[in-house]
$ cat entry_20.cif   # mmCIF, C-alpha atoms
data_structure
loop_
_atom_site.label_atom_id
_atom_site.label_comp_id
_atom_site.auth_asym_id
_atom_site.auth_seq_id
_atom_site.Cartn_x
_atom_site.Cartn_y
_atom_site.Cartn_z
CA MET I 1 -2.25 29.48 45.36
CA ASN I 2 -3.26 33.09 44.89
CA ALA I 3 -4.79 32.21 41.52
CA PHE I 4 -6.65 29.28 43.05
CA PHE I 5 -8.41 31.48 45.62
CA ALA I 6 -9.00 34.23 43.05
CA LEU I 7 -10.93 31.71 40.94
CA ILE I 8 -13.01 30.54 43.93
CA ARG I 9 -13.72 34.16 44.82
CA ARG I 10 -14.81 35.02 41.27
CA ASP I 11 -17.14 32.04 41.06
CA LEU I 12 -18.73 32.87 44.42
CA LEU I 13 -19.16 36.47 43.29
CA LEU I 14 -20.75 35.39 40.00
CA ALA I 15 -23.08 32.94 41.75
CA THR I 16 -24.46 35.62 44.03
CA ARG I 17 -24.91 38.28 41.33
CA ILE I 18 -27.91 38.54 38.97
CA GLY I 19 -28.28 35.42 36.84
CA GLY I 20 -25.76 33.51 38.94
CA GLY I 21 -28.19 30.78 39.85
CA ALA I 22 -27.19 30.32 43.49
CA GLY I 23 -30.29 29.23 45.36
CA ILE I 24 -32.04 27.48 42.46
CA GLY I 25 -31.05 24.08 43.83
CA LEU I 26 -32.09 25.12 47.33
CA VAL I 27 -35.54 26.23 46.14
CA PHE I 28 -35.93 22.97 44.21
CA PHE I 29 -34.92 21.04 47.36
CA LEU I 30 -37.50 22.98 49.37
CA MET I 31 -40.23 22.24 46.81
CA LEU I 32 -39.48 18.52 46.68
CA VAL I 33 -39.51 18.13 50.46
CA THR I 34 -42.59 20.31 50.90
CA ILE I 35 -44.81 18.31 48.55
CA MET I 36 -43.81 14.99 50.14
CA PRO I 37 -46.13 15.21 53.20
CA PHE I 38 -49.01 16.02 50.86
CA ALA I 39 -48.27 12.96 48.73
CA VAL I 40 -47.66 10.57 51.63
CA GLY I 41 -50.52 11.79 53.82
CA PRO I 42 -50.62 12.96 57.45
CA ASP I 43 -49.07 9.80 58.89
CA MET I 44 -46.45 11.26 61.23
CA VAL I 45 -44.86 7.92 62.07
CA LEU I 46 -44.44 6.96 58.42
CA LEU I 47 -43.10 10.43 57.52
CA ALA I 48 -40.56 10.34 60.34
CA ARG I 49 -39.45 6.89 59.19
CA ILE I 50 -38.93 7.80 55.51
CA GLY I 51 -37.97 11.44 56.23
CA PRO I 52 -34.16 11.00 56.04
CA ALA I 53 -34.52 9.13 52.74
CA ILE I 54 -36.72 11.89 51.32
CA LEU I 55 -34.18 14.53 52.32
CA TRP I 56 -31.34 12.56 50.78
CA VAL I 57 -33.13 11.88 47.48
CA ALA I 58 -34.22 15.51 47.26
CA ALA I 59 -30.66 16.68 47.94
CA LEU I 60 -29.32 14.40 45.21
CA LEU I 61 -31.83 15.72 42.66
CA ALA I 62 -31.21 19.32 43.74
CA THR I 63 -27.48 18.78 43.20
CA LEU I 64 -28.15 17.72 39.61
CA ILE I 65 -30.13 20.91 38.89
CA GLY I 66 -27.26 23.39 38.81
CA LEU I 67 -24.46 21.10 37.64
CA ASP I 68 -24.86 21.72 33.89
CA ARG I 69 -23.69 25.33 34.27
CA LEU I 70 -20.53 24.38 36.17
CA PHE I 71 -18.24 24.59 33.11
CA GLN I 72 -20.74 25.53 30.39
CA ALA I 73 -20.83 29.25 31.25
CA ASP I 74 -17.03 29.52 31.03
CA GLU I 75 -16.96 27.40 27.87
CA GLU I 76 -19.53 29.60 26.10
CA ASP I 77 -17.86 32.95 26.66
CA GLY I 78 -14.28 31.74 26.09
CA SER I 79 -13.16 32.05 29.73
CA LEU I 80 -12.30 28.36 29.79
CA ASP I 81 -9.70 28.90 27.02
CA LEU I 82 -8.02 31.56 29.09
CA LEU I 83 -8.22 29.47 32.26
CA ARG I 84 -6.46 26.68 30.37
CA MET I 85 -3.66 29.11 29.46
CA SER I 86 -3.29 30.47 32.98
CA GLY I 87 -0.49 29.38 35.29
CA LEU I 88 -2.94 27.25 37.28
CA PRO I 89 -2.90 23.53 36.28
CA LEU I 90 -6.24 22.44 34.82
CA PRO I 91 -7.07 19.97 37.67
CA LEU I 92 -6.67 22.84 40.14
CA VAL I 93 -8.94 25.02 37.97
CA VAL I 94 -11.53 22.24 38.18
CA LEU I 95 -11.00 21.85 41.93
CA ALA I 96 -11.48 25.58 42.55
CA LYS I 97 -14.64 25.71 40.44
CA VAL I 98 -16.14 22.63 42.11
CA ILE I 99 -15.38 23.94 45.62
CA ALA I 100 -17.05 27.25 44.78
CA HIS I 101 -19.99 25.40 43.24
CA TRP I 102 -20.42 23.22 46.33
CA LEU I 103 -20.28 26.24 48.64
CA VAL I 104 -23.27 27.82 46.88
CA THR I 105 -25.25 24.67 46.02
CA GLY I 106 -24.30 21.72 48.26
CA LEU I 107 -23.59 23.43 51.58
CA PRO I 108 -26.96 25.28 51.70
CA LEU I 109 -28.77 21.94 51.21
CA ALA I 110 -27.07 20.42 54.25
CA LEU I 111 -27.73 23.54 56.32
CA ALA I 112 -31.39 23.70 55.30
CA ALA I 113 -31.99 20.00 55.96
CA PRO I 114 -32.81 20.29 59.71
CA LEU I 115 -35.30 23.06 59.01
CA LEU I 116 -37.06 20.98 56.38
CA GLY I 117 -36.87 18.01 58.73
CA LEU I 118 -39.57 19.78 60.75
CA LEU I 119 -41.96 19.31 57.82
CA LEU I 120 -41.25 15.58 57.89
CA ALA I 121 -41.73 15.23 61.66
CA LEU I 122 -38.09 14.21 62.19
CA GLU I 123 -36.72 13.78 65.71
CA PRO I 124 -33.88 16.21 66.61
CA GLN I 125 -31.43 13.33 66.52
CA ALA I 126 -32.49 12.41 62.99
CA MET I 127 -32.13 16.05 61.87
CA LEU I 128 -28.58 16.08 63.18
CA ALA I 129 -27.80 12.76 61.47
CA VAL I 130 -29.15 13.95 58.11
CA THR I 131 -27.23 17.22 58.34
CA VAL I 132 -23.95 15.51 59.18
CA THR I 133 -24.32 12.88 56.45
CA LEU I 134 -25.32 15.53 53.89
CA LEU I 135 -22.29 17.63 54.86
CA ALA I 136 -20.10 14.62 54.11
CA GLY I 137 -22.10 13.39 51.12
CA THR I 138 -22.89 16.49 49.03
CA PRO I 139 -19.22 17.17 48.17
CA ALA I 140 -19.05 13.62 46.82
CA LEU I 141 -22.15 14.25 44.69
CA THR I 142 -20.71 17.52 43.34
CA PHE I 143 -17.34 15.99 42.49
CA ILE I 144 -18.98 13.03 40.73
CA GLY I 145 -21.17 15.47 38.82
CA ALA I 146 -18.15 17.55 37.78
CA THR I 147 -17.00 14.88 35.31
CA GLY I 148 -20.43 14.85 33.67
CA ALA I 149 -20.49 18.65 33.63
CA ALA I 150 -17.10 18.72 31.89
CA LEU I 151 -18.22 16.15 29.31
CA THR I 152 -21.38 18.07 28.46
CA ALA I 153 -19.92 21.60 28.70
CA GLY I 154 -20.08 22.09 24.95
CA LEU I 155 -23.67 20.88 24.54
CA ARG I 156 -26.56 23.34 24.39
CA ARG I 157 -29.01 21.14 26.26
CA GLY I 158 -26.64 18.95 28.18
CA GLY I 159 -28.60 18.91 31.44
CA LEU I 160 -30.51 15.70 30.90
CA ILE I 161 -27.56 13.79 29.40
CA LEU I 162 -25.53 14.96 32.36
CA ALA I 163 -28.12 13.60 34.80
CA VAL I 164 -28.28 10.25 33.02
CA LEU I 165 -24.47 10.03 32.97
CA VAL I 166 -23.79 10.77 36.60
CA MET I 167 -26.90 9.47 38.40
CA PRO I 168 -25.74 5.82 38.44
CA LEU I 169 -22.39 6.89 39.89
CA MET I 170 -24.15 8.76 42.69
CA ILE I 171 -26.09 5.73 43.91
CA PRO I 172 -23.32 4.40 46.23
CA VAL I 173 -23.19 7.81 47.92
CA LEU I 174 -26.96 7.69 48.40
CA ILE I 175 -26.84 4.16 49.83
CA PHE I 176 -24.13 4.91 52.38
CA GLY I 177 -25.54 8.33 53.19
CA ILE I 178 -28.88 6.83 54.15
CA SER I 179 -27.42 3.81 55.92
CA ALA I 180 -25.23 6.12 58.01
CA THR I 181 -28.29 8.17 58.88
CA SER I 182 -30.32 5.16 59.96
CA ALA I 183 -27.33 3.75 61.84
CA ALA I 184 -27.21 6.98 63.83
CA LEU I 185 -30.85 6.45 64.79
CA GLY I 186 -30.19 3.00 66.19
CA GLY I 187 -29.59 -0.18 64.33
CA PRO I 188 -27.33 -3.19 64.26
CA VAL I 189 -24.51 -1.30 62.49
CA PRO I 190 -22.44 1.29 64.39
CA PHE I 191 -22.67 4.80 62.87
CA HIS I 192 -19.02 5.15 62.03
CA THR I 193 -18.88 2.18 59.65
CA PRO I 194 -21.16 3.47 56.87
CA PHE I 195 -20.10 7.05 57.67
CA ALA I 196 -16.43 6.22 57.13
CA ILE I 197 -17.32 4.63 53.78
CA LEU I 198 -19.33 7.75 52.86
CA CYS I 199 -16.34 9.98 53.66
CA GLY I 200 -14.11 7.60 51.70
CA LEU I 201 -16.42 7.87 48.70
CA GLY I 202 -16.16 11.65 49.00
CA LEU I 203 -12.37 11.61 48.98
CA PHE I 204 -12.31 9.14 46.09
CA ALA I 205 -14.73 11.30 44.10
CA MET I 206 -12.62 14.38 44.85
CA VAL I 207 -9.51 12.86 43.32
CA THR I 208 -11.06 11.00 40.38
CA GLY I 209 -13.67 13.67 39.65
CA THR I 210 -11.11 16.46 39.53
CA ILE I 211 -8.73 14.57 37.27
CA SER I 212 -11.34 13.10 34.93
CA ALA I 213 -13.12 16.45 34.56
CA ALA I 214 -9.79 18.03 33.61
CA LEU I 215 -9.18 15.27 31.06
CA ALA I 216 -12.69 15.70 29.65
CA ILE I 217 -12.16 19.44 29.20
CA ARG I 218 -8.84 18.86 27.46
CA ALA I 219 -10.30 16.18 25.19
CA SER I 220 -13.32 18.24 24.15
CA GLU I 221 -11.23 20.34 21.74
CA ALA I 222 -9.20 17.70 19.99
CA MET A 1 12.83 35.35 22.20
CA LYS A 2 12.07 33.49 19.03
CA LEU A 3 9.15 31.51 17.76
CA SER A 4 9.80 29.02 14.96
CA VAL A 5 7.01 27.06 13.37
CA SER A 6 7.73 24.43 10.77
CA GLY A 7 5.76 21.86 8.81
CA LEU A 8 2.60 22.65 10.73
CA ALA A 9 -0.52 20.83 9.53
CA VAL A 10 -3.96 20.43 10.98
CA THR A 11 -6.97 18.37 10.04
CA ARG A 12 -10.36 19.18 11.53
CA SER A 13 -13.12 16.59 11.24
CA GLY A 14 -11.36 14.90 8.35
CA ARG A 15 -10.82 18.12 6.39
CA PRO A 16 -7.27 19.46 6.03
CA VAL A 17 -7.25 23.12 7.06
CA PHE A 18 -3.65 23.86 6.16
CA SER A 19 -0.41 21.95 5.84
CA LYS A 20 3.34 22.58 5.61
CA LEU A 21 2.99 25.93 7.27
CA GLY A 22 6.15 27.51 8.58
CA PHE A 23 7.46 30.87 9.73
CA THR A 24 9.77 32.39 12.31
CA LEU A 25 9.17 35.44 14.42
CA GLU A 26 11.66 37.22 16.67
CA SER A 27 11.44 39.69 19.51
CA GLY A 28 10.02 43.01 18.37
CA GLU A 29 8.32 41.60 15.29
CA ALA A 30 4.65 41.44 14.43
CA LEU A 31 3.05 39.08 11.94
CA ALA A 32 -0.28 39.75 10.28
CA LEU A 33 -2.28 36.67 9.32
CA THR A 34 -4.52 37.31 6.35
CA GLY A 35 -6.67 35.14 4.16
CA PRO A 36 -10.31 34.47 3.31
CA ASN A 37 -12.84 33.13 5.83
CA GLY A 38 -12.15 29.52 6.68
CA ALA A 39 -8.50 29.65 5.66
CA GLY A 40 -7.42 28.64 9.15
CA LYS A 41 -6.33 31.91 10.77
CA SER A 42 -8.22 31.30 14.01
CA THR A 43 -7.22 27.62 14.01
CA LEU A 44 -3.54 28.58 13.72
CA LEU A 45 -3.86 31.00 16.64
CA ARG A 46 -5.60 28.38 18.77
CA ILE A 47 -2.84 25.87 18.01
CA LEU A 48 -0.17 28.39 18.98
CA ALA A 49 -2.11 29.10 22.19
CA GLY A 50 -1.94 25.40 23.02
CA LEU A 51 -5.71 25.01 22.88
CA LEU A 52 -5.68 22.69 19.86
CA PRO A 53 -3.16 19.97 19.08
CA PRO A 54 -1.64 20.17 15.58
CA THR A 55 -1.80 17.06 13.37
CA ALA A 56 1.85 17.42 12.38
CA GLY A 57 4.71 19.86 12.62
CA SER A 58 6.58 21.56 15.39
CA ILE A 59 6.42 24.79 17.32
CA GLU A 60 9.61 25.92 18.98
CA TRP A 61 9.83 28.69 21.51
CA THR A 62 13.28 29.77 22.61
CA GLY A 63 14.42 32.41 25.07
CA GLY A 64 11.43 32.28 27.40
CA HIS A 65 11.13 30.91 30.90
CA ASP A 66 12.50 27.40 30.77
CA ASP A 67 10.09 25.92 33.26
CA ALA A 68 6.88 27.49 31.95
CA PRO A 69 4.91 25.73 29.23
CA PHE A 70 4.77 27.73 26.01
CA SER A 71 1.07 28.50 26.34
CA GLU A 72 1.75 30.32 29.60
CA GLU A 73 3.96 32.78 27.71
CA ALA A 74 1.14 33.79 25.40
CA HIS A 75 -1.87 36.06 25.62
CA TYR A 76 -4.83 34.92 23.54
CA LEU A 77 -7.58 37.25 22.45
CA GLY A 78 -10.26 35.33 20.59
CA HIS A 79 -13.68 36.05 19.15
CA ARG A 80 -15.34 35.28 22.44
CA ASP A 81 -14.41 37.97 24.90
CA ALA A 82 -14.51 35.93 28.16
CA LEU A 83 -16.42 38.70 29.92
CA LYS A 84 -19.03 38.09 32.59
CA PRO A 85 -21.90 40.58 32.32
CA ALA A 86 -22.32 40.59 36.11
CA LEU A 87 -18.74 41.63 36.91
CA THR A 88 -17.34 45.15 36.62
CA PRO A 89 -14.30 45.82 34.39
CA PHE A 90 -12.27 46.39 37.54
CA GLU A 91 -13.26 42.97 38.94
CA VAL A 92 -12.61 41.30 35.58
CA LEU A 93 -9.08 42.70 35.36
CA THR A 94 -8.28 42.05 39.03
CA PHE A 95 -9.30 38.44 38.49
CA TRP A 96 -7.25 37.88 35.34
CA ARG A 97 -4.29 39.69 36.86
CA SER A 98 -4.08 37.17 39.70
CA LEU A 99 -4.85 34.24 37.44
CA LEU A 100 -2.50 34.91 34.54
CA GLY A 101 0.56 35.57 36.73
CA GLN A 102 3.49 37.89 35.89
CA SER A 103 1.51 40.93 36.99
CA ALA A 104 2.11 44.07 34.96
CA LEU A 105 -0.15 47.16 35.04
CA GLU A 106 -2.65 47.76 37.84
CA PRO A 107 -6.27 47.18 36.71
CA LEU A 108 -7.16 50.90 36.90
CA ALA A 109 -4.04 51.94 34.99
CA ALA A 110 -4.84 49.39 32.26
CA LEU A 111 -8.40 50.67 32.01
CA GLU A 112 -7.13 54.26 31.67
CA ARG A 113 -4.78 53.11 28.92
CA VAL A 114 -7.67 51.75 26.82
CA GLY A 115 -9.93 54.68 27.66
CA LEU A 116 -12.31 52.86 29.98
CA GLY A 117 -11.31 54.53 33.24
CA HIS A 118 -14.78 56.05 33.65
CA ALA A 119 -16.50 52.64 33.38
CA ALA A 120 -14.33 50.77 35.90
CA TYR A 121 -17.15 50.11 38.34
CA LEU A 122 -20.08 49.61 35.96
CA PRO A 123 -21.29 46.05 35.33
CA SER A 124 -19.80 44.84 32.03
CA ALA A 125 -23.32 44.18 30.78
CA TYR A 126 -23.64 47.94 30.10
CA LEU A 127 -20.59 48.09 27.84
CA SER A 128 -20.93 48.44 24.05
CA ALA A 129 -19.29 45.96 21.65
CA GLY A 130 -16.33 48.29 21.13
CA GLN A 131 -15.93 48.91 24.83
CA ARG A 132 -15.99 45.16 25.52
CA ARG A 133 -13.22 44.78 22.94
CA ARG A 134 -11.18 47.48 24.67
CA LEU A 135 -11.69 45.74 28.01
CA SER A 136 -10.36 42.53 26.44
CA LEU A 137 -7.34 44.50 25.23
CA ALA A 138 -6.82 45.82 28.76
CA ARG A 139 -6.48 42.19 29.86
CA LEU A 140 -3.27 41.97 27.77
CA LEU A 141 -1.81 44.79 29.85
CA VAL A 142 -2.41 43.48 33.39
CA ALA A 143 -0.19 40.42 32.98
CA HIS A 144 3.13 40.36 31.21
CA ARG A 145 3.30 37.70 28.51
CA PRO A 146 5.74 38.08 25.61
CA LEU A 147 3.66 36.57 22.79
CA TRP A 148 0.34 38.16 21.83
CA LEU A 149 -2.03 36.04 19.75
CA LEU A 150 -4.84 38.31 18.59
CA ASP A 151 -7.81 37.19 16.53
CA GLU A 152 -9.31 40.18 14.70
CA PRO A 153 -8.59 42.55 17.58
CA THR A 154 -9.82 45.63 15.71
CA ALA A 155 -13.32 44.28 15.03
CA ALA A 156 -15.90 46.68 16.52
CA LEU A 157 -13.24 49.30 17.34
CA ASP A 158 -13.70 52.91 16.20
CA GLN A 159 -10.97 54.97 14.51
CA ALA A 160 -9.57 56.41 17.74
CA SER A 161 -9.52 53.03 19.47
CA GLU A 162 -7.78 51.51 16.48
CA THR A 163 -5.01 54.07 16.83
CA MET A 164 -4.89 53.31 20.57
CA PHE A 165 -4.60 49.60 19.74
CA GLY A 166 -1.72 50.35 17.34
CA GLY A 167 0.03 52.16 20.22
CA LEU A 168 -0.43 49.18 22.53
CA VAL A 169 1.11 46.77 20.04
CA VAL A 170 4.02 49.10 19.23
CA ASP A 171 4.75 49.49 22.98
CA HIS A 172 4.63 45.74 23.36
CA LEU A 173 7.01 45.21 20.42
CA THR A 174 9.52 47.82 21.60
CA ARG A 175 9.67 46.00 24.95
CA GLY A 176 10.79 42.93 23.01
CA GLY A 177 7.40 41.28 22.65
CA LEU A 178 6.02 39.36 19.69
CA ALA A 179 2.57 39.62 18.15
CA ILE A 180 0.61 37.49 15.69
CA ILE A 181 -2.54 39.20 14.54
CA ALA A 182 -5.26 37.68 12.38
CA THR A 183 -7.01 40.44 10.49
CA HIS A 184 -9.10 41.44 7.48
CA THR A 185 -8.38 45.15 7.70
CA PRO A 186 -5.00 46.88 7.32
CA LEU A 187 -3.37 47.26 10.72
CA PRO A 188 -2.18 50.66 11.97
CA ILE A 189 1.35 49.27 12.49
CA PRO A 190 4.06 47.88 10.23
CA THR A 191 3.99 44.06 10.11
CA ARG A 192 5.13 41.16 8.04
CA THR A 193 2.28 39.30 6.42
CA LEU A 194 1.48 35.61 6.20
CA SER A 195 -1.33 34.83 3.79
CA LEU A 196 -3.30 31.66 4.25
CA ARG A 197 -5.16 30.32 1.24
CA ALA A 198 -8.54 28.69 1.46
CA SER A 199 -8.00 24.96 1.15
CA ALA A 200 -9.73 23.28 -1.75
#

$ encode --input "entry_20.cif" --output "structure tokens"
Amino acid sequence: MNAFFALIRRDLLLATRIGGGAGIGLVFFLMLVTIMPFAVGPDMVLLARIGPAILWVAALLATLIGLDRLFQADEEDGSLDLLRMSGLPLPLVVLAKVIAHWLVTGLPLALAAPLLGLLLALEPQAMLAVTVTLLAGTPALTFIGATGAALTAGLRRGGLILAVLVMPLMIPVLIFGISATSAALGGPVPFHTPFAILCGLGLFAMVTGTISAALAIRASEA
Amino acid sequence: MKLSVSGLAVTRSGRPVFSKLGFTLESGEALALTGPNGAGKSTLLRILAGLLPPTAGSIEWTGGHDDAPFSEEAHYLGHRDALKPALTPFEVLTFWRSLLGQSALEPLAALERVGLGHAAYLPSAYLSAGQRRRLSLARLLVAHRPLWLLDEPTAALDQASETMFGGLVVDHLTRGGLAIIATHTPLPIPTRTLSLRASA
């Protein structure tokens, strides 16, 4: 357990140091959301209606931005070899790295969402709904992406292949994330139905993503 | 502790690297792996480290912890030094000490041993190639693992550091450890030698 937290701590430390790349996804998220009102035009009613969807799509794309470095950095400098030889089972190594990655990439997106909601003329209730659904949905996105990141760890320019690989798998999360948000703002469906499915997708992705990423790392050498 | 390897063969992308390779190594012994480039020295070390599956053959490890997989009894020092430029040597060693288990020397003591005590809190990015190598060697000291698998450990080391390295290995062997060292230069310690030939 000690080793597990040591790995999370190291990854958080690396992310916040020079060249760590924490914040790139957040800046990308900010840019995407900021240009939207310019593209759509000053129609406050329309913006408020599509606002949650814009935030969700932007969060999904921002998640993809940093994913390619998740295992690549450790693969390049040989750290991954040593991690594989450590006492920590490989799925737990993956889990620790993904948790650390989410804390510096996914969590800031959810926390920044209400602020950016102001740009999209969202009602306070909609801001809350987007934040809650992003808090539940971004871990799912990161865990789904982890498998793609493990598969492309050895490739120099794996970013695009990674996006193409994992994007289709992220669509269910997007669908239920947005339907939970609109359910919270009134609709025929009660909020907890799509939200429970969203949380379920997150838990499913956590188990399958961790195990399949570990398998992908092990298979990359053979 | 005893390591016995027999009938080991490996094929990489359709090309046989070596076959029918066998040797035994006991506590307190060191084995030097020699041979031309491409003969399979690094491949053999990676197989022993459990990072590559062999095509055929067996590796037996007796006398270690029964419940631990063999690769958790080995230290591997490869060409890539697994150092993060943004972390200080102290942070690097503290991290590997908690990750590798079986804690041995304190990070600062290990850094003193390899002559890097003065650089403990500098970002690793400022270290020279030789100093990075010495930091990698310090990693072998913070966790106790009986088998050392070293791939050209003396590359980039100066004369004094090479002598220091010899001392580290001798200490390790007198404590009952084993070492397998791939090298092109004569080592500063007595070893048995296994020569790999370049495959046709």

$ closest_residue --input "entry_20.cif" --among "I:Gly148, I:Gly154, I:Gly66, I:Pro190" --to "Glu221 (chain I)" --atoms "all atoms listed in the file"
I:Gly154

$ resolve_selection --input "entry_20.cif" --expression "the PyMOL selection byres ((chain I and resi 105-121) around 9)" --output "ChimeraX atom specification"
/I:22-26,29-30,33-34,36-37,44-45,47-52,54-55,59,62-63,66,100-104,122-124,126-128,130-135,138-139,141-142

$ write_last_selection --input "entry_20.cif" --atoms "C-alpha atoms" --output "PDB file, keeping the file's coordinate frame"
ATOM      1  CA  ALA I  22     -27.190  30.320  43.490  1.00  0.00           C
ATOM      2  CA  GLY I  23     -30.290  29.230  45.360  1.00  0.00           C
ATOM      3  CA  ILE I  24     -32.040  27.480  42.460  1.00  0.00           C
ATOM      4  CA  GLY I  25     -31.050  24.080  43.830  1.00  0.00           C
ATOM      5  CA  LEU I  26     -32.090  25.120  47.330  1.00  0.00           C
ATOM      6  CA  PHE I  29     -34.920  21.040  47.360  1.00  0.00           C
ATOM      7  CA  LEU I  30     -37.500  22.980  49.370  1.00  0.00           C
ATOM      8  CA  VAL I  33     -39.510  18.130  50.460  1.00  0.00           C
ATOM      9  CA  THR I  34     -42.590  20.310  50.900  1.00  0.00           C
ATOM     10  CA  MET I  36     -43.810  14.990  50.140  1.00  0.00           C
ATOM     11  CA  PRO I  37     -46.130  15.210  53.200  1.00  0.00           C
ATOM     12  CA  MET I  44     -46.450  11.260  61.230  1.00  0.00           C
ATOM     13  CA  VAL I  45     -44.860   7.920  62.070  1.00  0.00           C
ATOM     14  CA  LEU I  47     -43.100  10.430  57.520  1.00  0.00           C
ATOM     15  CA  ALA I  48     -40.560  10.340  60.340  1.00  0.00           C
ATOM     16  CA  ARG I  49     -39.450   6.890  59.190  1.00  0.00           C
ATOM     17  CA  ILE I  50     -38.930   7.800  55.510  1.00  0.00           C
ATOM     18  CA  GLY I  51     -37.970  11.440  56.230  1.00  0.00           C
ATOM     19  CA  PRO I  52     -34.160  11.000  56.040  1.00  0.00           C
ATOM     20  CA  ILE I  54     -36.720  11.890  51.320  1.00  0.00           C
ATOM     21  CA  LEU I  55     -34.180  14.530  52.320  1.00  0.00           C
ATOM     22  CA  ALA I  59     -30.660  16.680  47.940  1.00  0.00           C
ATOM     23  CA  ALA I  62     -31.210  19.320  43.740  1.00  0.00           C
ATOM     24  CA  THR I  63     -27.480  18.780  43.200  1.00  0.00           C
ATOM     25  CA  GLY I  66     -27.260  23.390  38.810  1.00  0.00           C
ATOM     26  CA  ALA I 100     -17.050  27.250  44.780  1.00  0.00           C
ATOM     27  CA  HIS I 101     -19.990  25.400  43.240  1.00  0.00           C
ATOM     28  CA  TRP I 102     -20.420  23.220  46.330  1.00  0.00           C
ATOM     29  CA  LEU I 103     -20.280  26.240  48.640  1.00  0.00           C
ATOM     30  CA  VAL I 104     -23.270  27.820  46.880  1.00  0.00           C
ATOM     31  CA  LEU I 122     -38.090  14.210  62.190  1.00  0.00           C
ATOM     32  CA  GLU I 123     -36.720  13.780  65.710  1.00  0.00           C
ATOM     33  CA  PRO I 124     -33.880  16.210  66.610  1.00  0.00           C
ATOM     34  CA  ALA I 126     -32.490  12.410  62.990  1.00  0.00           C
ATOM     35  CA  MET I 127     -32.130  16.050  61.870  1.00  0.00           C
ATOM     36  CA  LEU I 128     -28.580  16.080  63.180  1.00  0.00           C
ATOM     37  CA  VAL I 130     -29.150  13.950  58.110  1.00  0.00           C
ATOM     38  CA  THR I 131     -27.230  17.220  58.340  1.00  0.00           C
ATOM     39  CA  VAL I 132     -23.950  15.510  59.180  1.00  0.00           C
ATOM     40  CA  THR I 133     -24.320  12.880  56.450  1.00  0.00           C
ATOM     41  CA  LEU I 134     -25.320  15.530  53.890  1.00  0.00           C
ATOM     42  CA  LEU I 135     -22.290  17.630  54.860  1.00  0.00           C
ATOM     43  CA  THR I 138     -22.890  16.490  49.030  1.00  0.00           C
ATOM     44  CA  PRO I 139     -19.220  17.170  48.170  1.00  0.00           C
ATOM     45  CA  LEU I 141     -22.150  14.250  44.690  1.00  0.00           C
ATOM     46  CA  THR I 142     -20.710  17.520  43.340  1.00  0.00           C
TER      47      THR I 142
END

$ atom_distance --input "entry_20.cif" --atom1 "CA of Val94 (chain I)" --atom2 "CA of Pro54 (chain A)"
24.8 Å

$ closest_residue --input "entry_20.cif" --among "I:Leu67, I:Gly186, I:Val207, I:Val93" --to "Ala163 (chain I)" --atoms "all atoms listed in the file"
I:Leu67

$ residues_around --input "entry_20.cif" --residues "Ala205 (chain I)" --least-positions-apart "4" --cutoff "7 Å" --atoms "only C-alpha atoms" --output "ChimeraX atom specification"
/I:140,143-144,201,209

$ resolve_selection --input "entry_20.cif" --expression "the PyMOL selection byres ((chain I) within 10 of (chain A))" --output "VMD selection string"
chain I and resid 1 to 7 9 to 10 13 to 20 73 to 88 218 to 222

$ residues_near_point --input "entry_20.cif" --point "(9.3, 24.7, 18.6)" --cutoff "10 Å" --atoms "only C-alpha atoms" --output "JSON, numbers by chain"
{"A": [2, 3, 4, 5, 6, 24, 57, 58, 59, 60, 61, 62, 70]}

$ residues_around --input "entry_20.cif" --residues "Thr88 (chain A)" --least-positions-apart "4" --cutoff "6 Å" --atoms "all atoms listed in the file" --output "compact mmCIF listing (two decimals) with C-alpha atoms, in the frame of the given file"
# COMPACT_ATOMS: atom_id res chain seq x y z
CA TYR A 121 -17.15 50.11 38.34
CA LEU A 122 -20.08 49.61 35.96
CA PRO A 123 -21.29 46.05 35.33
CA SER A 124 -19.80 44.84 32.03

$ atom_distance --input "entry_20.cif" --atom1 "CA of Thr163 (chain A)" --atom2 "CA of Ala110 (chain A)"
16.1 Å

$ atom_distance --input "entry_20.cif" --atom1 "CA of Arg134 (chain A)" --atom2 "CA of Ser161 (chain A)"
7.8 Å

$ resolve_selection --input "entry_20.cif" --expression "the PyMOL selection byres ((chain A and resi 197) around 12)" --output "list of chain:residue names"
A:Val17, A:Phe18, A:Ser19, A:Leu21, A:Leu33, A:Thr34, A:Gly35, A:Pro36, A:Asn37, A:Gly38, A:Ala39, A:Gly40, A:Lys41, A:Leu194, A:Ser195, A:Leu196, A:Ala198, A:Ser199, A:Ala200

$ residues_near_point --input "entry_20.cif" --point "(-5.8, 43.0, 29.7)" --cutoff "9 Å" --atoms "all atoms listed in the file" --output "ChimeraX atom specification"
/A:75,93,96-97,105,107,110-111,134-143

$ axis_aligned_box --input "entry_20.cif" --around "region 115-124 of chain I" --padding-each-side "4 Å" --output "JSON"
{"center_x": -37.9, "center_y": 18.4, "center_z": 61.5, "size_x": 16.1, "size_y": 17.3, "size_z": 18.2}

$ closest_residue --input "entry_20.cif" --among "I:Trp56, I:Phe38, I:Phe28, I:Phe71" --to "Ala146 (chain I)" --atoms "only C-alpha atoms"
I:Phe71

$ closest_residue --input "entry_20.cif" --among "A:Pro16, A:Gly28, A:Gly177, A:Gly7" --to "Pro190 (chain A)" --atoms "all atoms listed in the file"
A:Gly28
